[in-house]
Amino acid sequence: LRGMGAMYAVAFWGAVRQNLGLLGQHGLVPAREYWQDLQHRYDTAWQGFHHHPSVFWWIPMTDATLQGLHQTGLVLSLIVSVLGVNSWVLQGVLWMLYFSVVTSAEGSAFYQYGWESQILETGFLTIFL
């Protein structure tokens with residue numbers, strides 16, 4: 001589980017360092033526009049969540065919340081990997097935070113490699129360990 005924490009840490013570190021330039025308000029492909037389009041497609045946030053899982057159905061997509069999500073994920077993943085603190089709740093939160101990052105990038109070419117899917121699949125399994 002510490003190894004998975006380290007994988008999340010690398011993923012969130014990369015997001016902290018580059019996602020504002022990629023997905024931020026003035027980024028290459030702003031995620032906020034993508035989220036505005038998604039929010040108009042579904043009647044409720046719960047319906048949208050079923051198709052595009054993310055915490056951004058309930059919190060506004062801004063540069064500050066995007067960066068806060070990345071930083072929260074980084075801190076939690078370091079707690080798992082360095083301190084060895086672990087629980088199914090912590091693994092579930094890390095999985096949902098990273099799924100939110102990947103979902104926010106759906107409208108772009110970013111985060112469409114095998115690495116993201118593998119982290120999400122393996123991360124989901126760690127919830128049950």
# chains A, B, ... in the order shown; residues from 1 in each chain; ligands from 1
>>> residues_around(residues="stretch 90-96 of chain A", least_positions_apart="5", cutoff="7 Å", atoms="only C-alpha atoms", output="mmCIF file with N, CA and C atoms, in the first residue's frame")
data_model
loop_
_atom_site.group_PDB
_atom_site.id
_atom_site.type_symbol
_atom_site.label_atom_id
_atom_site.label_comp_id
_atom_site.auth_asym_id
_atom_site.auth_seq_id
_atom_site.Cartn_x
_atom_site.Cartn_y
_atom_site.Cartn_z
ATOM 1 N N SER A 54 -16.410 12.757 -10.448
ATOM 2 C CA SER A 54 -15.527 13.834 -10.004
ATOM 3 C C SER A 54 -16.156 14.585 -8.839
ATOM 4 N N GLY A 73 -4.377 15.737 -2.633
ATOM 5 C CA GLY A 73 -3.984 14.397 -3.056
ATOM 6 C C GLY A 73 -2.517 14.116 -2.784
ATOM 7 N N LEU A 120 -5.857 4.205 -11.580
ATOM 8 C CA LEU A 120 -7.241 4.145 -11.113
ATOM 9 C C LEU A 120 -7.685 2.713 -10.830
ATOM 10 N N GLY A 123 -5.596 1.521 -7.801
ATOM 11 C CA GLY A 123 -6.044 2.302 -6.645
ATOM 12 C C GLY A 123 -7.392 1.855 -6.125
ATOM 13 N N PHE A 124 -8.302 1.504 -7.040
ATOM 14 C CA PHE A 124 -9.609 1.011 -6.616
ATOM 15 C C PHE A 124 -9.468 -0.297 -5.834
ATOM 16 N N THR A 126 -6.961 -1.210 -4.027
ATOM 17 C CA THR A 126 -6.349 -0.985 -2.706
ATOM 18 C C THR A 126 -7.372 -0.554 -1.666
ATOM 19 N N ILE A 127 -8.518 -0.070 -2.106
ATOM 20 C CA ILE A 127 -9.578 0.286 -1.143
ATOM 21 C C ILE A 127 -9.976 -0.942 -0.320
#
>>> closest_residue(among="A:Trp88, A:Tyr42, A:Tyr98, A:Tyr111", to="A:Leu125", atoms="only C-alpha atoms")
A:Trp88
>>> residues_around(residues="A:Thr103", least_positions_apart="2", cutoff="7 Å", atoms="only C-alpha atoms", output="list in words")
His52, Pro53, Ser54, Phe99, Ser100, Val101, Ala105 and Glu106 of chain A
>>> write_last_selection(atoms="N, CA and C atoms", output="short mmCIF file (atom, residue, chain, number, x, y, z; two decimals), in the first residue's frame")
data_model
loop_
_atom_site.label_atom_id
_atom_site.label_comp_id
_atom_site.auth_asym_id
_atom_site.auth_seq_id
_atom_site.Cartn_x
_atom_site.Cartn_y
_atom_site.Cartn_z
N HIS A 52 -19.42 10.81 -15.37
CA HIS A 52 -18.12 11.48 -15.30
C HIS A 52 -17.77 11.72 -13.83
N PRO A 53 -17.27 10.68 -13.13
CA PRO A 53 -17.02 10.79 -11.69
C PRO A 53 -16.00 11.89 -11.34
N SER A 54 -16.41 12.76 -10.45
CA SER A 54 -15.53 13.83 -10.00
C SER A 54 -16.16 14.59 -8.84
N PHE A 99 -9.38 10.36 -9.74
CA PHE A 99 -10.41 10.21 -10.77
C PHE A 99 -10.92 11.59 -11.18
N SER A 100 -11.02 12.51 -10.24
CA SER A 100 -11.45 13.88 -10.55
C SER A 100 -10.46 14.58 -11.47
N VAL A 101 -9.18 14.35 -11.24
CA VAL A 101 -8.15 14.93 -12.11
C VAL A 101 -8.30 14.38 -13.52
N ALA A 105 -9.70 16.19 -17.29
CA ALA A 105 -8.89 16.24 -18.50
C ALA A 105 -9.53 15.50 -19.67
N GLU A 106 -10.76 14.98 -19.49
CA GLU A 106 -11.42 14.24 -20.55
C GLU A 106 -11.59 15.05 -21.83
#
>>> atom_distance(atom1="atom CA of A:Thr122", atom2="atom CA of A:Ala64")
28.2 Å
>>> atom_distance(atom1="atom CA of A:Gln25", atom2="atom CA of A:Met7")
27.0 Å
>>> select_by_dssp(residues="stretch 18-106 of chain A", states="alpha helix (DSSP H)", output="number ranges by chain")
A: 18-23, 31-41, 45-51, 63-78, 88-104
>>> residues_around(residues="A:Ile59", least_positions_apart="5", cutoff="12 Å", atoms="only C-alpha atoms", output="PyMOL selection string")
chain A and resi 32+35+39+45+54+64-66+68-69+100
>>> residues_around(residues="A:Gln71", least_positions_apart="5", cutoff="12 Å", atoms="only C-alpha atoms", output="list in words")
Tyr8, Ala9, Val10, Ala11, Phe12, Trp13, Gly14, Ala15, Val16, Arg17, Asn19, Ala64, Thr65, Leu66, Leu76, Ser77, Leu78, Leu94, Leu97, Tyr98 and Val101 of chain A
>>> atom_distance(atom1="atom CA of A:Gln36", atom2="atom CA of A:Trp58")
12.6 Å
>>> residues_around(residues="A:Asp63", least_positions_apart="4", cutoff="7 Å", atoms="only C-alpha atoms", output="PDB file with N, CA and C atoms, in the first residue's frame")
ATOM      1  N   LEU A  20      -2.184  23.573 -13.929  1.00  0.00           N
ATOM      2  CA  LEU A  20      -2.705  24.926 -14.162  1.00  0.00           C
ATOM      3  C   LEU A  20      -2.356  25.391 -15.576  1.00  0.00           C
ATOM      4  N   GLY A  24      -5.885  24.816 -16.354  1.00  0.00           N
ATOM      5  CA  GLY A  24      -6.323  26.002 -15.626  1.00  0.00           C
ATOM      6  C   GLY A  24      -7.076  26.981 -16.502  1.00  0.00           C
ATOM      7  N   GLN A  25      -7.580  28.040 -15.886  1.00  0.00           N
ATOM      8  CA  GLN A  25      -8.383  29.038 -16.596  1.00  0.00           C
ATOM      9  C   GLN A  25      -7.668  29.586 -17.832  1.00  0.00           C
ATOM     10  N   GLN A  67      -6.085  23.318  -8.036  1.00  0.00           N
ATOM     11  CA  GLN A  67      -4.780  23.196  -7.381  1.00  0.00           C
ATOM     12  C   GLN A  67      -4.925  22.643  -5.966  1.00  0.00           C
TER      13      GLN A  67
END
